[in-house]
$ cat protein_32.cif   # mmCIF, C-alpha atoms and all ligand atoms
data_data
loop_
_atom_site.group_PDB
_atom_site.id
_atom_site.type_symbol
_atom_site.label_atom_id
_atom_site.label_comp_id
_atom_site.auth_asym_id
_atom_site.auth_seq_id
_atom_site.Cartn_x
_atom_site.Cartn_y
_atom_site.Cartn_z
ATOM 1 C CA MET A 143 -24.939 94.915 -67.080
ATOM 2 C CA LYS A 144 -23.557 97.623 -64.799
ATOM 3 C CA THR A 145 -21.368 97.086 -61.738
ATOM 4 C CA ASN A 146 -20.198 99.844 -59.350
ATOM 5 C CA ASN A 147 -16.471 100.781 -59.046
ATOM 6 C CA ALA A 148 -15.633 98.454 -56.140
ATOM 7 C CA GLN A 149 -17.467 95.557 -57.812
ATOM 8 C CA GLY A 150 -15.786 96.396 -61.129
ATOM 9 C CA ASP A 151 -12.302 96.324 -59.516
ATOM 10 C CA ASP A 152 -13.036 93.022 -57.805
ATOM 11 C CA LEU A 153 -14.412 91.560 -61.039
ATOM 12 C CA GLN A 154 -11.288 92.684 -62.928
ATOM 13 C CA GLY A 155 -9.125 91.095 -60.207
ATOM 14 C CA LEU A 156 -11.061 87.852 -60.625
ATOM 15 C CA ILE A 157 -10.589 87.901 -64.423
ATOM 16 C CA ASN A 158 -6.810 88.422 -63.903
ATOM 17 C CA GLN A 159 -6.766 85.438 -61.540
ATOM 18 C CA VAL A 160 -8.591 83.283 -64.115
ATOM 19 C CA ASN A 161 -6.159 84.383 -66.813
ATOM 20 C CA HIS A 162 -3.255 83.027 -64.744
ATOM 21 C CA SER A 163 -4.899 79.612 -64.339
ATOM 22 C CA ASN A 164 -5.440 76.459 -66.395
ATOM 23 C CA ILE A 165 -8.797 77.879 -67.539
ATOM 24 C CA SER A 166 -6.971 80.541 -69.558
ATOM 25 C CA THR A 167 -5.024 77.858 -71.480
ATOM 26 C CA ILE A 168 -8.300 76.108 -72.277
ATOM 27 C CA GLY A 169 -9.906 79.481 -73.128
ATOM 28 C CA SER A 170 -7.280 80.308 -75.746
ATOM 29 C CA VAL A 171 -8.007 77.057 -77.638
ATOM 30 C CA VAL A 172 -11.778 77.605 -77.272
ATOM 31 C CA THR A 173 -11.343 81.138 -78.698
ATOM 32 C CA ARG A 174 -9.403 79.770 -81.705
ATOM 33 C CA ILE A 175 -12.051 77.102 -82.413
ATOM 34 C CA ILE A 176 -14.855 79.707 -82.209
ATOM 35 C CA ALA A 177 -12.871 81.968 -84.590
ATOM 36 C CA ILE A 178 -12.772 79.074 -87.119
ATOM 37 C CA ILE A 179 -16.535 78.543 -86.654
ATOM 38 C CA ASN A 180 -17.114 82.242 -87.410
ATOM 39 C CA ASP A 181 -14.823 82.394 -90.453
ATOM 40 C CA PRO A 182 -16.609 81.261 -93.637
ATOM 41 C CA ASP A 183 -13.210 80.930 -95.378
ATOM 42 C CA ALA A 184 -11.640 78.749 -92.673
ATOM 43 C CA THR A 185 -10.457 75.333 -93.834
ATOM 44 C CA ALA A 186 -10.466 71.920 -92.192
ATOM 45 C CA LYS A 187 -6.651 72.051 -92.303
ATOM 46 C CA GLU A 188 -6.632 75.073 -89.935
ATOM 47 C CA LEU A 189 -8.865 73.256 -87.450
ATOM 48 C CA VAL A 190 -6.746 70.095 -87.665
ATOM 49 C CA GLU A 191 -3.658 72.223 -86.868
ATOM 50 C CA ILE A 192 -5.297 73.627 -83.730
ATOM 51 C CA ILE A 193 -6.298 70.128 -82.605
ATOM 52 C CA LEU A 194 -2.828 68.711 -83.244
ATOM 53 C CA THR A 195 -1.202 71.373 -81.031
ATOM 54 C CA ASP A 196 -3.328 70.025 -78.153
ATOM 55 C CA PRO A 197 -2.507 66.287 -77.814
ATOM 56 C CA PRO A 198 -5.080 65.536 -75.052
ATOM 57 C CA LEU A 199 -7.776 67.145 -77.210
ATOM 58 C CA ALA A 200 -6.647 65.149 -80.256
ATOM 59 C CA ALA A 201 -6.675 61.925 -78.206
ATOM 60 C CA ASN A 202 -10.139 62.672 -76.872
ATOM 61 C CA ILE A 203 -11.516 63.360 -80.342
ATOM 62 C CA LEU A 204 -10.042 60.099 -81.669
ATOM 63 C CA ARG A 205 -11.546 58.198 -78.731
ATOM 64 C CA LEU A 206 -14.995 59.631 -79.498
ATOM 65 C CA VAL A 207 -14.783 59.174 -83.249
ATOM 66 C CA ASN A 208 -13.868 55.507 -82.684
ATOM 67 C CA SER A 209 -16.641 54.976 -80.114
ATOM 68 C CA ALA A 210 -19.965 53.284 -80.793
ATOM 69 C CA TYR A 211 -21.469 56.793 -80.981
ATOM 70 C CA CYS A 212 -19.823 57.386 -84.378
ATOM 71 C CA ALA A 213 -19.322 53.675 -85.179
ATOM 72 C CA PRO A 214 -16.646 53.679 -87.922
ATOM 73 C CA LYS A 215 -16.242 50.397 -89.881
ATOM 74 C CA THR A 216 -12.447 50.571 -89.563
ATOM 75 C CA LYS A 217 -10.394 52.249 -86.846
ATOM 76 C CA ILE A 218 -9.769 55.999 -87.339
ATOM 77 C CA ALA A 219 -6.070 56.468 -86.637
ATOM 78 C CA ASP A 220 -5.536 60.236 -86.933
ATOM 79 C CA ILE A 221 -7.314 63.591 -86.985
ATOM 80 C CA GLN A 222 -6.979 63.951 -90.786
ATOM 81 C CA GLN A 223 -8.925 60.696 -91.169
ATOM 82 C CA ALA A 224 -11.417 61.869 -88.534
ATOM 83 C CA VAL A 225 -12.265 65.007 -90.509
ATOM 84 C CA ILE A 226 -12.938 62.895 -93.618
ATOM 85 C CA PHE A 227 -15.083 60.456 -91.637
ATOM 86 C CA ILE A 228 -17.286 62.834 -89.634
ATOM 87 C CA GLY A 229 -16.926 65.999 -91.788
ATOM 88 C CA PHE A 230 -15.600 69.501 -91.087
ATOM 89 C CA GLU A 231 -18.856 70.798 -89.531
ATOM 90 C CA ALA A 232 -19.158 67.912 -87.069
ATOM 91 C CA LEU A 233 -15.466 68.134 -86.173
ATOM 92 C CA LYS A 234 -15.833 71.850 -85.284
ATOM 93 C CA GLU A 235 -18.658 71.018 -82.875
ATOM 94 C CA LEU A 236 -16.892 67.981 -81.416
ATOM 95 C CA ALA A 237 -13.631 69.901 -80.851
ATOM 96 C CA LEU A 238 -15.495 72.785 -79.174
ATOM 97 C CA ASN A 239 -17.493 70.387 -77.030
ATOM 98 C CA GLN A 240 -14.441 68.461 -75.842
ATOM 99 C CA LYS A 241 -12.407 71.587 -75.107
ATOM 100 C CA VAL A 242 -15.129 73.401 -73.113
ATOM 101 C CA CYS A 243 -15.838 70.134 -71.255
ATOM 102 C CA GLU A 244 -12.297 70.275 -69.791
ATOM 103 C CA ILE A 245 -13.388 73.300 -67.719
ATOM 104 C CA PHE A 246 -16.232 71.304 -66.169
ATOM 105 C CA LYS A 247 -14.194 68.375 -64.809
ATOM 106 C CA ARG A 248 -13.920 67.701 -61.075
ATOM 107 C CA SER A 249 -16.793 66.318 -59.109
ATOM 108 C CA MET A 250 -18.181 67.776 -55.893
ATOM 109 C CA THR A 251 -21.864 68.160 -55.087
ATOM 110 C CA ILE A 252 -23.217 71.087 -53.023
ATOM 111 C CA ASN A 253 -26.975 71.673 -52.816
ATOM 112 C CA GLY A 254 -27.646 69.913 -56.109
ATOM 113 C CA TYR A 255 -24.726 71.605 -57.898
ATOM 114 C CA SER A 256 -21.765 69.740 -59.372
ATOM 115 C CA ARG A 257 -19.632 70.477 -62.419
ATOM 116 C CA PRO A 258 -20.789 67.343 -64.307
ATOM 117 C CA ARG A 259 -24.436 68.316 -63.638
ATOM 118 C CA LEU A 260 -23.730 71.845 -64.900
ATOM 119 C CA TRP A 261 -22.018 70.366 -67.977
ATOM 120 C CA LYS A 262 -25.051 68.192 -68.738
ATOM 121 C CA HIS A 263 -27.280 71.287 -68.446
ATOM 122 C CA SER A 264 -24.926 73.267 -70.736
ATOM 123 C CA VAL A 265 -24.858 70.566 -73.448
ATOM 124 C CA ALA A 266 -28.676 70.331 -73.364
ATOM 125 C CA VAL A 267 -29.030 74.130 -73.677
ATOM 126 C CA ALA A 268 -26.496 74.144 -76.558
ATOM 127 C CA LEU A 269 -28.372 71.379 -78.437
ATOM 128 C CA PHE A 270 -31.741 73.078 -77.904
ATOM 129 C CA SER A 271 -30.431 76.474 -79.098
ATOM 130 C CA LYS A 272 -28.848 74.994 -82.224
ATOM 131 C CA MET A 273 -31.955 72.951 -83.114
ATOM 132 C CA LEU A 274 -34.175 76.011 -82.620
ATOM 133 C CA TYR A 275 -32.021 78.093 -84.987
ATOM 134 C CA ARG A 276 -32.034 75.353 -87.629
ATOM 135 C CA ARG A 277 -35.715 74.406 -87.495
ATOM 136 C CA GLU A 278 -37.357 77.730 -86.800
ATOM 137 C CA PHE A 279 -35.030 80.233 -88.482
ATOM 138 C CA GLY A 280 -33.351 78.037 -91.140
ATOM 139 C CA GLN A 281 -29.896 79.117 -89.888
ATOM 140 C CA ARG A 282 -26.923 77.021 -88.755
ATOM 141 C CA GLY A 283 -26.793 78.600 -85.306
ATOM 142 C CA GLU A 284 -23.166 77.696 -84.624
ATOM 143 C CA ASN A 285 -22.695 80.570 -82.160
ATOM 144 C CA ALA A 286 -25.935 79.552 -80.435
ATOM 145 C CA TYR A 287 -24.361 76.138 -79.808
ATOM 146 C CA ALA A 288 -21.127 77.687 -78.465
ATOM 147 C CA LEU A 289 -23.165 80.094 -76.327
ATOM 148 C CA GLY A 290 -25.148 77.207 -74.837
ATOM 149 C CA LEU A 291 -21.927 75.452 -73.803
ATOM 150 C CA LEU A 292 -20.461 78.629 -72.282
ATOM 151 C CA HIS A 293 -23.440 80.548 -70.847
ATOM 152 C CA ASP A 294 -22.971 79.426 -67.214
ATOM 153 C CA LEU A 295 -19.152 79.545 -67.340
ATOM 154 C CA GLY A 296 -19.219 82.203 -64.583
ATOM 155 C CA ILE A 297 -20.498 79.534 -62.164
ATOM 156 C CA ILE A 298 -17.330 77.483 -62.700
ATOM 157 C CA ILE A 299 -15.197 80.581 -62.084
ATOM 158 C CA GLU A 300 -16.976 81.232 -58.773
ATOM 159 C CA ASP A 301 -16.669 77.558 -57.847
ATOM 160 C CA GLN A 302 -12.908 77.627 -58.501
ATOM 161 C CA PHE A 303 -11.885 81.122 -57.352
ATOM 162 C CA ARG A 304 -14.534 82.298 -54.841
ATOM 163 C CA ASN A 305 -15.413 78.900 -53.422
ATOM 164 C CA GLU A 306 -16.430 79.925 -49.903
ATOM 165 C CA GLN A 307 -18.761 82.727 -51.128
ATOM 166 C CA PHE A 308 -20.048 80.464 -53.914
ATOM 167 C CA THR A 309 -20.909 77.699 -51.429
ATOM 168 C CA ARG A 310 -22.809 80.254 -49.312
ATOM 169 C CA SER A 311 -24.628 81.489 -52.446
ATOM 170 C CA LEU A 312 -25.728 77.922 -53.263
ATOM 171 C CA GLU A 313 -26.948 77.471 -49.689
ATOM 172 C CA MET A 314 -28.885 80.745 -49.728
ATOM 173 C CA ALA A 315 -30.440 79.937 -53.143
ATOM 174 C CA SER A 316 -31.680 76.541 -51.957
ATOM 175 C CA GLN A 317 -32.798 77.683 -48.483
ATOM 176 C CA LYS A 318 -34.756 80.832 -49.446
ATOM 177 C CA PRO A 319 -35.328 79.568 -52.231
ATOM 178 C CA CYS A 320 -34.259 82.169 -54.813
ATOM 179 C CA PRO A 321 -32.434 82.269 -58.167
ATOM 180 C CA LEU A 322 -28.687 81.694 -57.777
ATOM 181 C CA THR A 323 -28.024 85.104 -59.389
ATOM 182 C CA ASP A 324 -29.866 86.908 -56.531
ATOM 183 C CA ALA A 325 -27.790 85.068 -53.911
ATOM 184 C CA GLU A 326 -24.543 85.724 -55.815
ATOM 185 C CA ARG A 327 -25.220 89.462 -56.062
ATOM 186 C CA GLU A 328 -25.938 89.641 -52.347
ATOM 187 C CA ILE A 329 -22.909 87.595 -51.244
ATOM 188 C CA ILE A 330 -20.273 88.121 -53.981
ATOM 189 C CA GLY A 331 -21.433 91.542 -55.258
ATOM 190 C CA TYR A 332 -22.080 90.428 -58.879
ATOM 191 C CA ASP A 333 -23.456 87.290 -60.498
ATOM 192 C CA HIS A 334 -22.214 84.513 -62.794
ATOM 193 C CA ALA A 335 -23.618 86.282 -65.880
ATOM 194 C CA HIS A 336 -21.429 89.357 -65.073
ATOM 195 C CA ILE A 337 -18.377 87.112 -64.654
ATOM 196 C CA GLY A 338 -19.013 85.090 -67.824
ATOM 197 C CA MET A 339 -19.547 88.284 -69.814
ATOM 198 C CA ALA A 340 -16.348 89.938 -68.528
ATOM 199 C CA LEU A 341 -14.280 86.780 -69.147
ATOM 200 C CA SER A 342 -15.640 86.087 -72.643
ATOM 201 C CA ALA A 343 -15.060 89.750 -73.612
ATOM 202 C CA ASN A 344 -11.513 89.459 -72.254
ATOM 203 C CA TRP A 345 -11.012 86.368 -74.462
ATOM 204 C CA ASN A 346 -12.301 88.350 -77.491
ATOM 205 C CA LEU A 347 -15.158 85.963 -78.230
ATOM 206 C CA PRO A 348 -17.734 87.257 -80.774
ATOM 207 C CA ASP A 349 -20.070 89.987 -79.447
ATOM 208 C CA ASP A 350 -23.230 87.875 -79.706
ATOM 209 C CA ILE A 351 -21.671 85.181 -77.492
ATOM 210 C CA VAL A 352 -20.430 87.791 -74.973
ATOM 211 C CA ASP A 353 -23.869 89.476 -74.804
ATOM 212 C CA GLY A 354 -25.724 86.158 -74.800
ATOM 213 C CA ILE A 355 -23.741 85.097 -71.713
ATOM 214 C CA GLY A 356 -24.224 88.466 -69.996
ATOM 215 C CA TYR A 357 -27.976 88.651 -70.615
ATOM 216 C CA HIS A 358 -29.018 84.999 -70.338
ATOM 217 C CA HIS A 359 -31.164 85.705 -67.276
ATOM 218 C CA ASN A 360 -32.513 89.077 -68.549
ATOM 219 C CA PRO A 361 -32.547 88.715 -72.370
ATOM 220 C CA LEU A 362 -35.063 91.525 -72.924
ATOM 221 C CA GLU A 363 -32.335 94.002 -71.877
ATOM 222 C CA ALA A 364 -29.738 92.673 -74.388
ATOM 223 C CA PRO A 365 -28.407 95.072 -77.082
ATOM 224 C CA GLU A 366 -30.413 94.979 -80.322
ATOM 225 C CA ALA A 367 -27.729 93.134 -82.334
ATOM 226 C CA SER A 368 -27.645 90.279 -79.809
ATOM 227 C CA SER A 369 -31.286 90.205 -78.786
ATOM 228 C CA ASP A 370 -32.351 87.156 -80.875
ATOM 229 C CA ILE A 371 -29.512 84.898 -79.699
ATOM 230 C CA SER A 372 -29.989 86.054 -76.073
ATOM 231 C CA GLN A 373 -33.712 85.261 -76.230
ATOM 232 C CA VAL A 374 -33.110 81.861 -77.878
ATOM 233 C CA LEU A 375 -30.618 81.006 -75.118
ATOM 234 C CA HIS A 376 -33.112 82.079 -72.464
ATOM 235 C CA ILE A 377 -35.844 79.883 -73.987
ATOM 236 C CA ALA A 378 -33.443 76.906 -74.198
ATOM 237 C CA ASN A 379 -32.355 77.485 -70.593
ATOM 238 C CA HIS A 380 -35.997 77.677 -69.511
ATOM 239 C CA TYR A 381 -36.957 74.352 -71.128
ATOM 240 C CA CYS A 382 -33.873 72.483 -69.894
ATOM 241 C CA GLN A 383 -34.447 73.739 -66.344
ATOM 242 C CA GLN A 384 -38.151 72.905 -66.484
ATOM 243 C CA ASP A 385 -37.289 69.330 -67.542
ATOM 244 C CA GLN A 386 -34.545 69.240 -64.886
ATOM 245 C CA ILE A 387 -31.723 68.205 -67.195
ATOM 246 C CA GLY A 388 -28.606 68.602 -65.068
ATOM 247 C CA TYR A 389 -28.066 71.524 -62.685
ATOM 248 C CA CYS A 390 -30.766 74.189 -62.461
ATOM 249 C CA ASP A 391 -29.704 77.705 -61.312
ATOM 250 C CA ALA A 392 -33.188 79.299 -61.378
ATOM 251 C CA PRO A 393 -35.883 76.873 -60.212
ATOM 252 C CA GLN A 394 -38.432 79.714 -59.917
ATOM 253 C CA GLN A 395 -38.297 81.071 -63.443
ATOM 254 C CA ASP A 396 -39.884 84.299 -64.609
ATOM 255 C CA GLU A 397 -42.681 83.069 -66.899
ATOM 256 C CA ASN A 398 -43.335 86.606 -68.173
ATOM 257 C CA VAL A 399 -39.809 87.006 -69.581
ATOM 258 C CA PHE A 400 -40.000 83.550 -71.175
ATOM 259 C CA MET A 401 -43.416 84.247 -72.760
ATOM 260 C CA GLU A 402 -42.239 87.622 -74.066
ATOM 261 C CA CYS A 403 -39.173 85.997 -75.709
ATOM 262 C CA CYS A 404 -41.448 83.446 -77.438
ATOM 263 C CA ARG A 405 -43.781 86.238 -78.584
ATOM 264 C CA ARG A 406 -40.977 88.411 -79.967
ATOM 265 C CA LEU A 407 -39.407 85.482 -81.843
ATOM 266 C CA ASN A 408 -42.801 84.235 -82.989
ATOM 267 C CA LEU A 409 -42.285 80.714 -81.612
ATOM 268 C CA GLU A 410 -45.106 78.256 -80.944
ATOM 269 C CA SER A 411 -45.057 76.097 -77.833
ATOM 270 C CA HIS A 412 -45.702 72.827 -79.738
ATOM 271 C CA ALA A 413 -42.594 73.415 -81.912
ATOM 272 C CA LEU A 414 -40.513 74.076 -78.788
ATOM 273 C CA ALA A 415 -41.892 70.960 -77.087
ATOM 274 C CA LEU A 416 -40.809 68.846 -80.090
ATOM 275 C CA ILE A 417 -37.297 70.308 -79.894
ATOM 276 C CA MET A 418 -37.204 69.476 -76.178
ATOM 277 C CA GLN A 419 -38.198 65.863 -76.895
ATOM 278 C CA ASP A 420 -35.302 65.544 -79.369
ATOM 279 C CA VAL A 421 -32.875 67.126 -76.891
ATOM 280 C CA GLN A 422 -33.993 64.619 -74.220
ATOM 281 C CA GLN A 423 -33.399 61.745 -76.658
ATOM 282 C CA LYS A 424 -29.965 63.029 -77.678
ATOM 283 C CA ILE A 425 -28.932 63.480 -74.032
ATOM 284 C CA THR A 426 -30.139 59.938 -73.230
ATOM 285 C CA ASP A 427 -28.118 58.569 -76.200
ATOM 286 C CA MET A 428 -25.005 60.494 -75.123
ATOM 287 C CA GLU A 429 -25.335 59.201 -71.571
ATOM 288 C CA ALA A 430 -25.745 55.623 -72.808
ATOM 289 C CA GLU A 431 -22.494 56.012 -74.757
ATOM 290 C CA GLY A 432 -20.699 57.449 -71.725
ATOM 291 C CA LEU A 433 -20.308 60.848 -73.395
ATOM 292 C CA LEU A 434 -21.915 62.807 -70.544
HETATM 293 FE FE FE A 501 -27.267 81.013 -65.477
HETATM 294 FE FE FE A 502 -28.144 77.813 -67.525
#

$ encode --input "protein_32.cif" --output "structure tokens"
Amino acid sequence: MKTNNAQGDDLQGLINQVNHSNISTIGSVVTRIIAIINDPDATAKELVEIILTDPPLAANILRLVNSAYCAPKTKIADIQQAVIFIGFEALKELALNQKVCEIFKRSMTINGYSRPRLWKHSVAVALFSKMLYRREFGQRGENAYALGLLHDLGIIIEDQFRNEQFTRSLEMASQKPCPLTDAEREIIGYDHAHIGMALSANWNLPDDIVDGIGYHHNPLEAPEASSDISQVLHIANHYCQQDQIGYCDAPQQDENVFMECCRRLNLESHALALIMQDVQQKITDMEAEGLL
């Protein structure tokens, strides 16, 4: 993921701009939640403390825990009760989900793109990646879930801070047609994977999340330590785009890269198709409950 000096300076300027915006405030909470997810000794009390310092997040979590989606028999009145009701693991995922979702608010549609459509895509990719880790590798895959939510974060940054060039990139991608990354590199000088990688590194997120974001469109070039998670993300992205769940940034996907990822990870297409069916169902359920 190399950029030349002028591109590097511009990218650094963009990251500074982001770090003086509301996204940085959200990013610091996201970073703390991901640190808890990565710490095997972390306790539910530490997570509850983070949630309580963010009243809108706490209110959102209580709203969801009390919704038909979780269906408690009696009303859950506070976060301590919520952790007992849904469990520490589920609360980590719910808190991360709700916090990252704050970055994707605001609705405006340009050439098929809108933040809510990108959010729906991101949740589907996160669910697929986590299910793949659990079913095929017997691992929890918590960073795969976080990576799924965050992998296209660079698109939001372009939307918010380079809006005119971003709008032209969307137009070029749909008119040519070509992958959004090609249009971004031509018009902005770098693409959303570069931006997401630089921002997540700046936030000190774990290396596999940083690399997974940076290499989600070219996973075969990812560093060895992050190659599995980058390939899983690419496969998840491929399936969710093929089934047109939410926004799709690469309608013409490179089948060869996808097939090579499946070969290297030893994954069978029927197992992946079953995961996709379950992701579709989960997304439908979440939409029915107003959670997407
Ligand atoms: Fe992407
Ligand atoms: Fe994506």

$ closest_residue --input "protein_32.cif" --among "A:Met314, A:Gln373, A:Thr323, A:Asn346" --to "ligand FE 501 (chain A)" --atoms "only C-alpha atoms and all ligand atoms"
A:Thr323

$ resolve_selection --input "protein_32.cif" --expression "the PyMOL selection byres (((not hetatm)) within 9 of (chain A and resi 502))" --output "PyMOL selection string"
chain A and resi 260+263-264+267+290+293-294+358-359+375-376+378-380+382-383+389-392

$ resolve_selection --input "protein_32.cif" --expression "the PyMOL selection byres (((chain A and resi 417-422) around 7) and not hetatm)" --output "PDB file with C-alpha atoms, keeping the file's coordinate frame"
ATOM      1  CA  ALA A 266     -28.676  70.331 -73.364  1.00  0.00           C
ATOM      2  CA  LEU A 269     -28.372  71.379 -78.437  1.00  0.00           C
ATOM      3  CA  PHE A 270     -31.741  73.078 -77.904  1.00  0.00           C
ATOM      4  CA  MET A 273     -31.955  72.951 -83.114  1.00  0.00           C
ATOM      5  CA  ALA A 413     -42.594  73.415 -81.912  1.00  0.00           C
ATOM      6  CA  LEU A 414     -40.513  74.076 -78.788  1.00  0.00           C
ATOM      7  CA  ALA A 415     -41.892  70.960 -77.087  1.00  0.00           C
ATOM      8  CA  LEU A 416     -40.809  68.846 -80.090  1.00  0.00           C
ATOM      9  CA  GLN A 423     -33.399  61.745 -76.658  1.00  0.00           C
ATOM     10  CA  LYS A 424     -29.965  63.029 -77.678  1.00  0.00           C
ATOM     11  CA  ILE A 425     -28.932  63.480 -74.032  1.00  0.00           C
ATOM     12  CA  THR A 426     -30.139  59.938 -73.230  1.00  0.00           C
TER      13      THR A 426
END

$ closest_residue --input "protein_32.cif" --among "A:Ser368, A:Leu291, A:Gln307, A:Leu409" --to "ligand FE 501 (chain A)" --atoms "only C-alpha atoms and all ligand atoms"
A:Leu291

$ resolve_selection --input "protein_32.cif" --expression "the PyMOL selection byres (((chain A and resi 352) around 8) and not hetatm)" --output "number ranges by chain"
A: 338-340, 342-343, 347-351, 353-356

$ residues_around --input "protein_32.cif" --residues "stretch 161-166 of chain A" --least-positions-apart "2" --cutoff "12 Å" --atoms "only C-alpha atoms" --output "number ranges by chain"
A: 154-159, 168-173, 241-247, 295-296, 298-299, 302-303, 340-342, 344-345

$ write_last_selection --input "protein_32.cif" --atoms "C-alpha atoms" --output "PDB file, in the coordinates of the input"
ATOM      1  CA  GLN A 154     -11.288  92.684 -62.928  1.00  0.00           C
ATOM      2  CA  GLY A 155      -9.125  91.095 -60.207  1.00  0.00           C
ATOM      3  CA  LEU A 156     -11.061  87.852 -60.625  1.00  0.00           C
ATOM      4  CA  ILE A 157     -10.589  87.901 -64.423  1.00  0.00           C
ATOM      5  CA  ASN A 158      -6.810  88.422 -63.903  1.00  0.00           C
ATOM      6  CA  GLN A 159      -6.766  85.438 -61.540  1.00  0.00           C
ATOM      7  CA  ILE A 168      -8.300  76.108 -72.277  1.00  0.00           C
ATOM      8  CA  GLY A 169      -9.906  79.481 -73.128  1.00  0.00           C
ATOM      9  CA  SER A 170      -7.280  80.308 -75.746  1.00  0.00           C
ATOM     10  CA  VAL A 171      -8.007  77.057 -77.638  1.00  0.00           C
ATOM     11  CA  VAL A 172     -11.778  77.605 -77.272  1.00  0.00           C
ATOM     12  CA  THR A 173     -11.343  81.138 -78.698  1.00  0.00           C
ATOM     13  CA  LYS A 241     -12.407  71.587 -75.107  1.00  0.00           C
ATOM     14  CA  VAL A 242     -15.129  73.401 -73.113  1.00  0.00           C
ATOM     15  CA  CYS A 243     -15.838  70.134 -71.255  1.00  0.00           C
ATOM     16  CA  GLU A 244     -12.297  70.275 -69.791  1.00  0.00           C
ATOM     17  CA  ILE A 245     -13.388  73.300 -67.719  1.00  0.00           C
ATOM     18  CA  PHE A 246     -16.232  71.304 -66.169  1.00  0.00           C
ATOM     19  CA  LYS A 247     -14.194  68.375 -64.809  1.00  0.00           C
ATOM     20  CA  LEU A 295     -19.152  79.545 -67.340  1.00  0.00           C
ATOM     21  CA  GLY A 296     -19.219  82.203 -64.583  1.00  0.00           C
ATOM     22  CA  ILE A 298     -17.330  77.483 -62.700  1.00  0.00           C
ATOM     23  CA  ILE A 299     -15.197  80.581 -62.084  1.00  0.00           C
ATOM     24  CA  GLN A 302     -12.908  77.627 -58.501  1.00  0.00           C
ATOM     25  CA  PHE A 303     -11.885  81.122 -57.352  1.00  0.00           C
ATOM     26  CA  ALA A 340     -16.348  89.938 -68.528  1.00  0.00           C
ATOM     27  CA  LEU A 341     -14.280  86.780 -69.147  1.00  0.00           C
ATOM     28  CA  SER A 342     -15.640  86.087 -72.643  1.00  0.00           C
ATOM     29  CA  ASN A 344     -11.513  89.459 -72.254  1.00  0.00           C
ATOM     30  CA  TRP A 345     -11.012  86.368 -74.462  1.00  0.00           C
TER      31      TRP A 345
END

$ closest_residue --input "protein_32.cif" --among "A:Gly254, A:Ile330, A:Leu292, A:Tyr211" --to "A:Gln149" --atoms "all atoms listed in the file"
A:Ile330

$ closest_residue --input "protein_32.cif" --among "A:Ser311, A:Thr185, A:Asn208, A:Thr195" --to "A:Phe230" --atoms "all atoms listed in the file"
A:Thr185

$ closest_residue --input "protein_32.cif" --among "A:His336, A:Arg405, A:Arg276, A:Arg174" --to "ligand FE 501 (chain A)" --atoms "only C-alpha atoms and all ligand atoms"
A:His336

$ residues_around --input "protein_32.cif" --residues "A:Phe279" --least-positions-apart "2" --cutoff "12 Å" --atoms "all atoms listed in the file" --output "ChimeraX atom specification"
/A:271-277,281-283,370-371,374,407-409

$ atom_distance --input "protein_32.cif" --atom1 "atom CA of A:Tyr287" --atom2 "atom CA of A:Val265"
8.5 Å

$ closest_residue --input "protein_32.cif" --among "A:Asn180, A:Thr251, A:Gln222, A:Ser369" --to "A:Ala288" --atoms "all atoms listed in the file"
A:Asn180

$ atom_distance --input "protein_32.cif" --atom1 "atom CA of A:Asp220" --atom2 "atom CA of A:Asp427"
25.1 Å

$ atom_distance --input "protein_32.cif" --atom1 "atom CA of A:Lys215" --atom2 "atom CA of A:Ile228"
12.5 Å

$ axis_aligned_box --input "protein_32.cif" --around "stretch 212-222 of chain A" --padding-each-side "8 Å" --output "JSON"
{"center_x": -12.7, "center_y": 57.2, "center_z": -87.6, "size_x": 30.3, "size_y": 29.6, "size_z": 22.4}

$ build_atoms --input "protein_32.cif" --residues "stretch 385-393 of chain A" --atoms "N, CA and C atoms" --output "PDB file, in the coordinates of the input"
ATOM      1  N   ASP A 385     -37.374  70.794 -67.446  1.00  0.00           N
ATOM      2  CA  ASP A 385     -37.289  69.330 -67.542  1.00  0.00           C
ATOM      3  C   ASP A 385     -36.185  68.764 -66.646  1.00  0.00           C
ATOM      4  N   GLN A 386     -35.563  69.625 -65.867  1.00  0.00           N
ATOM      5  CA  GLN A 386     -34.545  69.240 -64.886  1.00  0.00           C
ATOM      6  C   GLN A 386     -33.418  68.391 -65.489  1.00  0.00           C
ATOM      7  N   ILE A 387     -32.885  68.882 -66.610  1.00  0.00           N
ATOM      8  CA  ILE A 387     -31.723  68.205 -67.195  1.00  0.00           C
ATOM      9  C   ILE A 387     -30.485  68.836 -66.571  1.00  0.00           C
ATOM     10  N   GLY A 388     -29.809  68.091 -65.718  1.00  0.00           N
ATOM     11  CA  GLY A 388     -28.606  68.602 -65.068  1.00  0.00           C
ATOM     12  C   GLY A 388     -28.920  69.663 -64.022  1.00  0.00           C
ATOM     13  N   TYR A 389     -27.929  70.507 -63.747  1.00  0.00           N
ATOM     14  CA  TYR A 389     -28.066  71.524 -62.685  1.00  0.00           C
ATOM     15  C   TYR A 389     -29.000  72.650 -63.123  1.00  0.00           C
ATOM     16  N   CYS A 390     -29.793  73.136 -62.166  1.00  0.00           N
ATOM     17  CA  CYS A 390     -30.766  74.189 -62.461  1.00  0.00           C
ATOM     18  C   CYS A 390     -30.476  75.398 -61.559  1.00  0.00           C
ATOM     19  N   ASP A 391     -30.079  76.557 -62.155  1.00  0.00           N
ATOM     20  CA  ASP A 391     -29.704  77.705 -61.312  1.00  0.00           C
ATOM     21  C   ASP A 391     -30.863  78.660 -61.038  1.00  0.00           C
ATOM     22  N   ALA A 392     -32.040  78.413 -61.635  1.00  0.00           N
ATOM     23  CA  ALA A 392     -33.188  79.299 -61.378  1.00  0.00           C
ATOM     24  C   ALA A 392     -34.479  78.487 -61.345  1.00  0.00           C
ATOM     25  N   PRO A 393     -34.692  77.730 -60.244  1.00  0.00           N
ATOM     26  CA  PRO A 393     -35.883  76.873 -60.212  1.00  0.00           C
ATOM     27  C   PRO A 393     -37.193  77.668 -60.336  1.00  0.00           C
TER      28      PRO A 393
END
